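Engineer: Quick one: this structure, given as structure tokens, is what I'll be asking you about.
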Amino acid sequence: MKLPKEEHSAPEWQAAMEALILVAENGGPTMLARIGVMRALNRHVERVFDPERKSHHWGKRKLKRDQ
């Protein structure tokens, strides 16, 4: 697919394209190419930490010797 010039020059897309070329030409790791493309696609999404999303597991298990 053809990208607009503004997106084509974005560093995220440059890294993704470089990883895809390495995979195609040298048989490099496909997972790195996938990660690069996903990061380029989601570059405008801000990751926000939500502490209520998952509870922590610390202190829930007790060893039998400690009881």
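Ligands are numbered from 1 in the order shown, chains are lettered A, B, ... in the order of the structure tokens, and residues start at 1 in each chain.
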When you look at segment 3-16 of chain A with a cut-off of 9 Å (counting only C-alpha atoms), what residues show up, excluding the ones that are within fewer than 3 positions of it in the same chain? I need them as a short mmCIF file (atom, residue, chain, number, x, y, z; two decimals) with C-alpha atoms, in the first residue's frame.
Structural biologist:
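What ended up in out.cif:
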```cif
data_model
loop_
_atom_site.label_atom_id
_atom_site.label_comp_id
_atom_site.auth_asym_id
_atom_site.auth_seq_id
_atom_site.Cartn_x
_atom_site.Cartn_y
_atom_site.Cartn_z
CA ALA A 19 12.10 -4.53 9.50
CA LEU A 20 9.85 -5.78 6.69
CA ILE A 21 12.68 -5.49 4.18
CA LEU A 32 10.00 -7.87 14.98
CA ALA A 33 8.45 -6.81 11.68
CA ARG A 34 4.98 -7.36 13.12
CA ILE A 35 5.80 -5.34 16.22
CA GLY A 36 7.14 -2.52 14.06
CA VAL A 37 4.01 -2.38 11.92
CA MET A 38 1.73 -2.48 14.96
CA ARG A 39 3.67 0.35 16.61
CA ALA A 40 3.46 2.39 13.41
CA LEU A 41 -0.29 1.81 13.11
CA ARG A 43 1.58 5.62 17.01
#
```
Engineer: If you run DSSP on this backbone, which residues of segment 10-64 of chain A come out as helix (DSSP H, G or I), and could you give them as a PyMOL selection string?
Structural biologist: chain A and resi 11-26+30-41+64
